[in-house]
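Printed here is protein.cif (mmCIF, C-alpha atoms):
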```cif
data_run
#
loop_
_atom_site.label_atom_id
_atom_site.label_comp_id
_atom_site.auth_asym_id
_atom_site.auth_seq_id
_atom_site.Cartn_x
_atom_site.Cartn_y
_atom_site.Cartn_z
CA MET I 15 0.00 0.00 0.00
CA LYS I 16 1.39 3.39 -1.04
CA ARG I 17 2.12 5.82 1.79
CA ILE I 18 1.33 9.54 1.70
CA ILE I 19 1.78 12.33 4.24
CA LEU I 20 -0.49 15.32 4.69
CA PHE I 21 0.48 18.36 6.76
CA GLU I 22 -2.31 20.43 8.25
CA ASP I 23 -0.21 23.58 8.09
CA LEU I 24 3.42 24.06 7.12
CA ASP I 25 4.16 26.38 10.00
CA LYS I 26 7.80 26.84 10.94
CA LEU I 27 8.25 23.60 12.88
CA ASN I 28 6.21 21.48 10.47
CA PHE I 29 7.97 22.96 7.45
CA TYR I 30 11.44 21.97 8.64
CA PHE I 31 10.11 18.59 9.74
CA SER I 32 8.73 18.09 6.22
CA LEU I 33 12.19 18.73 4.75
CA LEU I 34 13.53 15.77 6.74
CA LEU I 35 10.82 13.57 5.23
CA ILE I 36 11.44 14.40 1.56
CA PRO I 37 13.78 11.39 1.07
CA PHE I 38 10.97 9.08 2.30
CA PHE I 39 8.03 10.64 0.43
CA LYS I 40 8.07 11.74 -3.18
CA LYS I 41 5.34 14.27 -2.48
CA ILE I 42 4.60 16.41 0.56
CA TYR I 43 0.88 17.23 0.68
CA PHE I 44 -0.35 20.16 2.74
CA ARG I 45 -3.51 22.13 3.47
CA GLU I 46 -1.99 25.50 4.42
CA ALA I 47 1.55 26.90 4.46
CA SER I 48 1.61 29.82 6.90
CA TYR I 49 5.42 29.76 7.15
CA GLY I 50 6.40 27.69 4.14
CA LYS I 51 4.81 30.02 1.58
CA SER I 52 7.47 32.66 2.27
CA HIS I 53 10.43 30.27 2.13
CA TYR I 54 12.50 30.26 -1.07
CA PHE I 55 12.80 26.45 -1.18
CA PHE I 56 9.04 26.00 -0.84
CA LYS I 57 8.39 28.49 -3.65
CA LYS I 58 10.91 26.72 -5.84
CA LYS I 59 9.49 23.25 -5.20
CA LEU I 60 5.77 24.08 -5.12
CA ASP I 61 3.89 21.63 -7.39
CA LYS I 62 7.09 19.60 -7.67
CA ILE I 63 7.52 18.34 -4.11
CA PHE I 64 4.92 20.35 -2.20
CA PHE I 65 1.29 19.90 -3.28
CA GLN I 66 -1.69 21.68 -1.75
CA VAL I 67 -5.01 19.81 -1.41
CA GLY I 68 -8.43 20.88 -0.17
CA ILE I 69 -12.15 20.28 -0.42
CA LYS I 70 -13.26 23.64 -1.82
CA ASP I 71 -13.06 22.31 -5.39
CA LEU I 72 -14.82 19.04 -4.54
CA SER I 73 -18.22 19.97 -3.08
CA GLY I 74 -19.69 22.69 -0.89
CA GLU I 75 -21.62 20.01 0.97
CA LEU I 76 -18.34 18.60 2.28
CA ILE I 77 -17.62 21.80 4.17
CA ASN I 78 -20.82 21.36 6.20
CA LYS I 79 -19.90 17.72 6.79
CA SER I 80 -16.55 18.87 8.17
CA PHE I 81 -18.25 20.98 10.87
CA THR I 82 -20.68 18.17 11.73
CA LEU I 83 -17.87 15.62 11.99
CA LYS I 84 -15.78 17.91 14.18
CA LYS I 85 -18.64 18.36 16.66
CA TYR I 86 -19.14 14.61 16.81
CA LEU I 87 -15.43 13.97 17.41
CA ILE I 88 -15.32 16.55 20.19
CA LYS I 89 -18.09 14.65 21.99
CA LYS I 90 -15.95 11.53 21.62
CA TYR I 91 -12.97 13.46 23.00
CA ILE I 92 -14.93 14.34 26.16
CA ASN I 93 -16.19 10.78 26.62
CA ASN I 94 -12.85 9.11 25.84
CA ASN I 95 -10.61 11.37 27.91
CA PHE I 96 -12.40 12.10 31.17
CA LYS I 97 -14.30 10.52 33.98
CA THR I 98 -17.14 12.75 35.17
CA GLN I 99 -15.42 13.15 38.57
CA PHE I 100 -12.75 15.33 36.97
CA PHE I 101 -15.33 17.95 35.99
CA ASP I 102 -16.85 17.75 39.48
CA GLU I 103 -13.47 18.46 41.08
CA PHE I 104 -12.65 21.27 38.65
CA CYS I 105 -15.98 22.89 39.51
CA LYS I 106 -15.04 22.77 43.20
CA LEU I 107 -11.62 24.28 42.48
CA ASN I 108 -13.21 27.29 40.77
CA SER I 109 -16.37 27.63 42.91
CA ILE I 110 -18.58 26.66 39.96
CA LYS I 111 -21.97 25.41 41.09
CA SER I 112 -22.51 21.68 40.56
CA GLU I 113 -25.61 22.39 38.48
CA ASP I 114 -23.40 24.42 36.12
CA LYS I 115 -21.11 21.50 35.30
CA LYS I 116 -22.54 21.39 31.77
CA LYS I 117 -21.29 24.96 31.27
CA LEU I 118 -17.78 23.76 32.10
CA ILE I 119 -18.06 20.87 29.64
CA TYR I 120 -19.40 23.22 26.95
CA SER I 121 -16.47 25.54 27.63
CA ILE I 122 -13.95 22.75 27.10
CA GLU I 123 -15.75 21.71 23.91
CA ASN I 124 -15.58 25.30 22.63
CA ILE I 125 -11.86 25.52 23.46
CA ILE I 126 -11.16 22.35 21.46
CA TYR I 127 -13.48 23.48 18.67
CA SER I 128 -11.70 26.79 18.16
CA SER I 129 -8.84 26.90 15.66
CA LYS I 130 -7.20 29.41 13.37
CA LEU I 131 -8.47 27.47 10.36
CA GLU I 132 -12.07 26.38 10.78
CA ALA I 133 -12.60 22.60 10.81
CA ILE I 134 -9.29 22.11 8.99
CA GLU I 135 -8.61 18.76 10.65
CA THR I 136 -11.95 17.16 9.79
CA SER I 137 -11.98 18.62 6.28
CA SER I 138 -8.48 17.15 5.91
CA TYR I 139 -9.82 13.75 6.94
CA ILE I 140 -12.51 14.05 4.27
CA CYS I 141 -9.76 14.93 1.76
CA ILE I 142 -7.85 11.80 2.75
CA LYS I 143 -10.95 9.62 2.34
CA ILE I 144 -11.69 11.02 -1.11
CA LEU I 145 -8.23 11.61 -2.58
CA PHE I 146 -6.15 8.92 -0.85
CA SER I 147 -8.64 6.15 -0.04
CA ASN I 148 -6.29 3.45 -1.34
CA ASN I 149 -3.22 4.74 0.52
CA PHE I 150 -1.83 4.54 4.02
CA SER I 151 -1.98 8.14 5.23
CA TYR I 152 0.08 10.01 7.79
CA TYR I 153 -1.48 13.22 9.08
CA VAL I 154 0.52 15.92 10.87
CA PRO I 155 -1.65 18.38 12.86
CA SER I 156 -0.53 21.93 13.60
CA SER I 157 -2.09 22.49 17.02
CA GLU I 158 -2.96 20.66 20.21
CA ASN I 159 -6.68 21.07 19.56
CA THR I 160 -6.61 19.57 16.09
CA PHE I 161 -4.36 16.75 17.34
CA LEU I 162 -6.86 15.83 20.06
CA VAL I 163 -9.75 15.90 17.58
CA MET I 164 -7.99 13.74 14.99
CA LYS I 165 -6.88 11.19 17.60
CA GLN I 166 -10.55 10.29 18.06
CA ILE I 167 -10.55 8.76 14.57
CA LYS I 168 -9.53 5.11 14.65
CA LYS I 169 -8.69 3.82 11.18
CA LYS I 170 -6.14 1.15 10.21
CA ASN I 171 -4.86 3.14 7.23
CA LEU I 172 -4.53 6.47 9.10
CA LYS I 173 -1.83 7.47 11.59
CA ILE I 174 -1.72 10.82 13.40
CA ILE I 175 1.81 12.17 13.92
CA GLY I 176 1.92 14.44 16.98
CA ILE I 177 5.67 14.90 17.48
CA THR I 178 5.75 18.51 16.25
CA VAL I 179 2.67 19.45 18.29
CA LEU I 180 4.23 17.95 21.42
CA ALA I 181 7.57 19.68 20.74
CA SER I 182 5.85 23.02 20.17
CA MET I 183 3.86 22.65 23.40
CA MET I 184 6.99 21.78 25.39
CA PHE I 185 8.98 24.72 23.99
CA ALA I 186 6.09 27.13 24.72
CA SER I 187 5.67 25.77 28.26
CA ILE I 188 9.38 26.04 29.07
CA ASN I 189 9.42 29.59 27.70
CA LYS I 190 6.39 30.47 29.85
CA ILE I 191 7.96 29.01 33.00
CA LEU I 192 11.19 30.94 32.40
CA LYS I 193 9.21 34.17 32.00
CA ILE I 194 7.39 33.55 35.28
CA PHE I 195 10.66 33.17 37.21
CA LEU I 196 12.29 36.13 35.44
CA ASN I 197 9.29 38.29 36.31
CA LYS I 198 9.61 37.21 39.94
CA ILE I 199 13.31 38.19 39.95
CA ASN I 200 12.50 41.57 38.39
CA PHE I 201 9.75 42.10 40.96
CA PHE I 202 12.25 41.98 43.82
CA ARG I 203 14.81 44.10 41.96
CA LYS I 204 12.48 46.96 40.98
CA LYS I 205 10.75 49.26 43.40
CA ASN I 206 8.10 50.62 41.08
CA VAL I 207 6.31 47.60 39.72
CA ILE I 208 2.91 47.77 38.04
CA LYS I 209 0.68 45.34 39.87
CA ASN I 210 -1.49 42.83 38.12
CA ASN I 211 -4.79 44.39 37.00
CA ASP I 212 -3.69 47.99 37.77
CA PHE I 213 -4.84 48.71 34.22
CA VAL I 214 -8.43 47.87 35.19
CA LYS I 215 -10.25 50.95 36.40
CA PRO I 216 -13.17 50.59 38.83
CA SER I 217 -16.54 51.11 37.17
CA PHE I 218 -20.09 51.56 38.42
CA CYS I 219 -21.64 50.66 35.07
CA LYS I 220 -24.30 47.98 35.34
CA ILE I 221 -23.89 46.65 31.79
CA GLY I 222 -20.81 45.37 29.97
CA TYR I 223 -21.27 45.52 26.19
CA PHE I 224 -19.21 43.56 23.66
CA PRO I 225 -19.94 44.98 20.19
CA HIS I 226 -17.53 42.52 18.49
CA SER I 227 -15.06 43.94 15.97
CA GLY I 228 -15.99 47.56 16.59
CA LEU I 229 -19.15 49.64 16.51
CA LYS I 230 -19.36 49.79 12.74
CA TYR I 231 -19.56 46.95 10.26
CA GLY I 232 -18.15 48.46 7.08
CA ASN I 233 -20.72 50.68 5.41
CA PHE I 234 -23.59 48.31 6.21
CA PHE I 235 -24.67 48.98 9.79
CA LYS I 236 -23.67 50.38 13.17
CA LYS I 237 -23.78 48.78 16.60
CA ASN I 238 -24.26 51.90 18.72
CA PHE I 239 -28.02 51.30 19.06
CA ILE I 240 -27.55 50.18 22.65
CA TYR I 241 -26.46 53.60 23.96
CA GLN I 242 -29.59 55.52 25.03
CA LYS I 243 -29.60 59.22 25.81
CA SER I 244 -32.33 59.16 28.45
CA SER I 245 -31.04 58.77 31.99
CA ASN I 246 -34.29 56.93 32.82
CA SER I 247 -33.49 54.14 30.38
CA PRO I 248 -31.89 50.89 31.64
CA LEU I 249 -29.62 51.31 28.60
CA TYR I 250 -28.53 54.84 29.51
CA LYS I 251 -25.17 55.38 27.81
CA ASN I 252 -23.37 56.24 31.05
CA ASN I 253 -24.55 52.96 32.55
CA ILE I 254 -22.78 50.91 29.87
CA GLU I 255 -19.10 50.01 29.67
CA THR I 256 -17.94 48.94 26.21
CA LEU I 257 -15.59 45.95 26.25
CA SER I 258 -13.40 44.22 23.70
CA PHE I 259 -11.10 41.18 23.71
CA GLN I 260 -8.82 43.03 21.24
CA ASP I 261 -7.75 46.64 20.68
CA PHE I 262 -10.61 48.90 19.63
CA ASP I 263 -10.37 50.06 16.04
CA LYS I 264 -9.65 53.77 15.58
CA LEU I 265 -13.22 54.69 14.64
CA THR I 266 -14.74 52.92 17.65
CA LEU I 267 -12.20 54.44 20.04
CA LYS I 268 -12.85 57.88 18.59
CA TYR I 269 -16.61 57.44 19.11
CA LEU I 270 -16.19 56.20 22.70
CA ASN I 271 -13.83 59.03 23.62
CA PHE I 272 -15.96 61.71 21.93
CA PHE I 273 -19.04 60.71 23.94
CA LYS I 274 -16.96 59.95 27.03
CA LEU I 275 -18.21 56.37 27.28
CA ALA I 276 -16.54 53.94 29.67
CA ASN I 277 -14.50 51.29 27.88
CA THR I 278 -11.87 48.61 28.51
CA GLU I 279 -9.65 46.59 26.18
CA LEU I 280 -9.40 43.24 27.94
CA ASN I 281 -6.24 42.20 26.11
CA LYS I 282 -4.41 44.90 28.10
CA ILE I 283 -5.07 43.10 31.38
CA SER I 284 -1.97 41.39 32.72
CA ASN I 285 -1.65 37.67 32.03
CA LEU I 286 1.15 37.14 34.53
CA VAL I 287 1.00 33.77 36.23
CA SER I 288 1.78 33.64 39.94
CA LEU I 289 3.58 30.88 41.80
CA ARG I 290 0.46 30.58 43.95
CA GLN I 291 -1.63 29.71 40.88
CA ILE I 292 0.93 27.15 39.73
CA PHE I 293 1.00 25.51 43.17
CA ILE I 294 -2.81 25.39 43.50
CA TYR I 295 -3.34 23.94 40.04
CA THR I 296 -0.44 21.46 40.30
CA SER I 297 -1.83 20.15 43.59
CA PHE I 298 -5.27 19.83 42.00
CA PHE I 299 -3.92 18.04 38.94
CA LEU I 300 -1.77 15.54 40.85
CA LYS I 301 -4.74 14.68 43.03
CA ASN I 302 -7.20 14.27 40.15
CA LYS I 303 -5.11 13.08 37.18
CA LYS I 304 -6.51 9.60 37.76
CA PHE I 305 -9.78 10.89 36.28
CA ILE I 306 -8.04 11.81 33.00
CA LEU I 307 -7.88 8.72 30.83
CA ASN I 308 -5.72 9.87 27.90
CA TYR I 309 -3.30 12.61 26.81
CA LYS I 310 -2.67 13.89 30.31
CA LEU I 311 -0.06 16.47 29.27
CA PHE I 312 -2.32 18.08 26.67
CA ASN I 313 -5.30 18.12 29.02
CA LEU I 314 -3.13 19.45 31.83
CA LYS I 315 -2.39 22.50 29.71
CA ILE I 316 -5.96 23.01 28.48
CA PHE I 317 -7.45 23.01 31.96
CA PHE I 318 -4.60 25.11 33.38
CA GLN I 319 -5.25 27.80 30.78
CA LEU I 320 -8.96 27.73 31.60
CA PHE I 321 -8.17 27.93 35.31
CA LEU I 322 -5.97 31.00 34.72
CA SER I 323 -8.61 32.62 32.52
CA ILE I 324 -11.30 32.18 35.18
CA GLU I 325 -9.00 33.67 37.83
CA LYS I 326 -8.14 36.58 35.55
CA TYR I 327 -11.78 37.53 34.98
CA ASN I 328 -12.69 36.97 38.63
CA LYS I 329 -10.17 39.70 39.48
CA PHE I 330 -11.53 41.88 36.68
CA PHE I 331 -15.13 41.60 37.88
CA LYS I 332 -14.13 42.54 41.44
CA ASN I 333 -13.39 46.05 40.15
CA LYS I 334 -16.68 46.25 38.29
CA ASN I 335 -20.33 46.48 39.20
CA TYR I 336 -21.93 44.62 36.30
CA ASN I 337 -25.34 43.01 36.51
CA TYR I 338 -25.37 42.07 32.83
CA LEU I 339 -22.99 41.27 29.97
CA PHE I 340 -24.37 41.71 26.46
CA PHE I 341 -22.49 39.96 23.63
CA TYR I 342 -23.15 41.04 20.05
CA ASN I 343 -21.47 37.83 18.83
CA ASP I 344 -22.82 34.66 20.41
CA PHE I 345 -19.77 32.41 19.91
CA LEU I 346 -16.46 34.33 19.84
CA ILE I 347 -16.39 34.72 23.62
CA SER I 348 -13.74 33.73 26.12
CA PRO I 349 -14.98 30.55 27.88
CA GLY I 350 -13.14 31.69 31.00
CA MET I 351 -15.07 34.96 31.02
CA GLN I 352 -18.43 33.24 30.63
CA LEU I 353 -17.67 30.84 33.49
CA SER I 354 -16.41 33.71 35.64
CA ALA I 355 -19.58 35.68 34.93
CA SER I 356 -21.61 32.69 36.11
CA ILE I 357 -19.47 32.39 39.25
CA ASN I 358 -19.94 36.12 39.98
CA GLN I 359 -23.70 35.95 39.28
CA ILE I 360 -23.56 38.26 36.28
CA LYS I 361 -26.33 37.58 33.76
CA THR I 362 -25.24 36.99 30.16
CA ILE I 363 -27.29 37.99 27.11
CA SER I 364 -26.77 37.45 23.39
CA PHE I 365 -28.82 37.07 20.25
CA GLN I 366 -29.04 35.15 17.00
CA ASP I 367 -27.29 37.56 14.68
CA ARG I 368 -27.27 35.19 11.68
CA LEU I 369 -29.73 32.50 10.68
CA THR I 370 -27.22 29.74 9.95
CA SER I 371 -24.32 30.53 12.31
CA HIS I 372 -25.29 27.58 14.53
CA SER I 373 -24.28 25.19 11.75
CA TYR I 374 -20.61 26.21 11.82
CA ASN I 375 -20.35 27.36 15.45
CA HIS I 376 -20.59 25.03 18.42
CA ARG I 377 -21.84 25.40 22.00
CA CYS I 378 -23.39 28.46 23.65
CA PHE I 379 -24.69 29.13 27.13
CA PHE I 380 -26.49 32.29 28.23
CA ASP I 381 -29.08 33.45 30.72
CA LEU I 382 -31.07 35.09 27.92
CA TYR I 383 -30.84 34.37 24.20
CA LEU I 384 -32.82 36.41 21.67
CA LEU I 385 -34.04 34.41 18.69
CA ALA I 386 -34.72 35.31 15.08
CA GLY I 387 -37.84 33.14 15.20
CA LYS I 388 -39.75 30.89 17.59
CA LYS I 389 -38.94 27.61 15.79
CA PHE I 390 -35.20 28.09 16.31
CA GLU I 391 -35.71 27.22 19.98
CA LYS I 392 -36.26 23.58 18.97
CA ILE I 393 -32.98 23.57 17.04
CA PHE I 394 -30.99 25.03 19.95
CA LYS I 395 -32.61 23.00 22.74
CA ASN I 396 -30.02 20.19 22.63
CA LYS I 397 -27.20 22.38 21.36
CA TYR I 398 -27.15 25.35 23.76
CA GLN I 399 -27.76 25.81 27.46
CA VAL I 400 -30.01 28.84 27.82
CA GLU I 401 -32.17 29.79 30.79
CA ASN I 402 -34.63 31.89 28.80
CA TYR I 403 -35.39 32.37 25.12
CA GLU I 404 -37.20 35.39 23.71
CA VAL I 405 -38.06 36.13 20.09
CA LEU I 406 -36.41 39.31 18.87
CA GLY I 407 -36.92 38.79 15.15
CA LEU I 408 -34.48 38.97 12.29
CA THR I 409 -32.02 41.82 12.86
CA ARG I 410 -31.03 44.20 10.07
CA ALA I 411 -33.93 42.88 7.96
CA ASP I 412 -34.04 46.16 6.05
CA LEU I 413 -30.60 45.33 4.63
CA LEU I 414 -31.80 42.11 3.00
CA VAL I 415 -33.01 41.88 -0.56
CA LYS I 416 -36.71 41.11 -0.37
CA LYS I 417 -37.43 37.83 -2.03
CA LYS I 418 -39.37 34.72 -1.17
CA ASN I 419 -37.52 31.99 0.65
CA SER I 420 -39.77 29.30 2.09
CA PHE I 421 -36.98 27.56 4.02
CA TYR I 422 -36.02 30.55 6.19
CA ARG I 423 -39.50 32.09 6.27
CA LYS I 424 -40.89 29.23 8.40
CA TYR I 425 -38.23 29.83 11.08
CA TYR I 426 -38.44 33.58 11.57
CA LYS I 427 -42.16 34.10 11.11
#
```

Structure encoded using structure tokens:
Amino acid sequence: MKRIILFEDLDKLNFYFSLLLIPFFKKIYFREASYGKSHYFFKKKLDKIFFQVGIKDLSGELINKSFTLKKYLIKKYINNNFKTQFFDEFCKLNSIKSEDKKKLIYSIENIIYSSKLEAIETSSYICIKILFSNNFSYYVPSSENTFLVMKQIKKKNLKIIGITVLASMMFASINKILKIFLNKINFFRKKNVIKNNDFVKPSFCKIGYFPHSGLKYGNFFKKNFIYQKSSNSPLYKNNIETLSFQDFDKLTLKYLNFFKLANTELNKISNLVSLRQIFIYTSFFLKNKKFILNYKLFNLKIFFQLFLSIEKYNKFFKNKNYNYLFFYNDFLISPGMQLSASINQIKTISFQDRLTSHSYNHRCFFDLYLLAGKKFEKIFKNKYQVENYEVLGLTRADLLVKKKNSFYRKYYK
């Protein structure tokens, strides 16, 4: 049986690893080449040694199958890697209510689901089945998440190579540990040290608003509808703090400063890890690792990052006075923030911005979710965890070209 190798992404480590394999494989197949595409050797040997494959030229239906398969494999990942006691103990560690354990599981699923290239691992598997069905295939993932997803597939003619993912994780972890100790040394050497979370200013705003990618979406629509002028309104502009996981774009920042609206860029909050956090989590992990069935090192890192994220937002919320968080985007949200909001009894609200986003996004959990139509509640019942649904209707309907569509009409009527 002929052997082939397919790289998920020829990033720096994978690219140089692929060079070592050229004597053993006549062709190096790849999906993306984030680093390789700029290398002179890759450019010279493209379509001679390096060959790109994908599903976009095969069938649009296969893209949807990739998302469906990924969601199925993530469920297998949860079932194959953990005993339920591990989630119980992690809830205790972070003061998450036992009845909110499903929120924790959904958070882990969303962490694994997220990747720079959407469903690239499962679409790669579909490529292998279609293009290389008669070959023995080696697949080289480019991230821990995609490695864990692909390892749920058990096929005799498919082998997942995780050496570069493991090496990358080890290098990153060592680098992180060195930074922690260097920061500790600098702390004792310097007198004027900025403390963790000094960037976060206290706020008495009752609502935290995430507009997602700025307050303006090109020339199509604006997202400043939430700011009301009347001081009697629950949405009074001075009662809302605008938040973002990234830097605000120039136009949004100009708007917020002009109207003197409270705002915070959450990426500016310190991510320094303390020795206390390392000790607490290490003790927890050593005590409960027996409940992790496979890939302990990878899962150690995933849960440690979630633990740090929860702690980070717990500190953030202590300086705030929020009763509600309103997310314009229902999926691109930090799982750690959502869990922290639940811990701190802050209600979360979002809405169905697009009719079909649920097909390519994964889990959601909110206290209130606003629907485009009543019948969507049946679709989301087993997919999301939502306390209350309300029908808002289809947003920005005036921007749509008016034409009959029986499929969507039945859902948002």

Any idea what's packed within 9 Å of region 53-62 of chain I, counting only C-alpha atoms, ignoring anything in its chain fewer than 4 positions away? Could you give it as an mmCIF file with C-alpha atoms, keeping the file's coordinate frame?
```cif
data_model
loop_
_atom_site.group_PDB
_atom_site.id
_atom_site.type_symbol
_atom_site.label_atom_id
_atom_site.label_comp_id
_atom_site.auth_asym_id
_atom_site.auth_seq_id
_atom_site.Cartn_x
_atom_site.Cartn_y
_atom_site.Cartn_z
ATOM 1 C CA PHE I 29 7.970 22.960 7.450
ATOM 2 C CA LYS I 41 5.340 14.270 -2.480
ATOM 3 C CA TYR I 49 5.420 29.760 7.150
ATOM 4 C CA GLN I 66 -1.690 21.680 -1.750
#
```

(message) as an NGL selection string, please: the residues near Ile292 (chain I) (cut-off 10 Å, all atoms listed in the file, same-chain neighbours under 5 positions excluded).
(response) :I and (191 or 287 or 297-298 or 318 or 322)

Given the file above and the PyMOL selection byres ((chain I and resi 401) around 8), which residues are selected, and can you give them as a CSV table (one decimal) with C-alpha atoms, in the coordinates of the input?
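result-v9.csv, written as the output of this step:
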```csv
chain,number,residue,atom,x,y,z
I,380,PHE,CA,-26.5,32.3,28.2
I,381,ASP,CA,-29.1,33.4,30.7
I,382,LEU,CA,-31.1,35.1,27.9
I,399,GLN,CA,-27.8,25.8,27.5
I,400,VAL,CA,-30.0,28.8,27.8
I,402,ASN,CA,-34.6,31.9,28.8
I,403,TYR,CA,-35.4,32.4,25.1
```

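Closest approach to Tyr152 (chain I) from the set I:Ser32, I:Ser354, I:Gln242, I:Asn95 is made by I:Ser32, with distances taken over only C-alpha atoms.
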
(request) Starting from the displayed file, determine the output of the PyMOL selection byres ((chain I and resi 173) around 9) and express the residue list as a VMD selection string. (result) chain I and resid 150 to 154 165 168 to 172 174 to 175
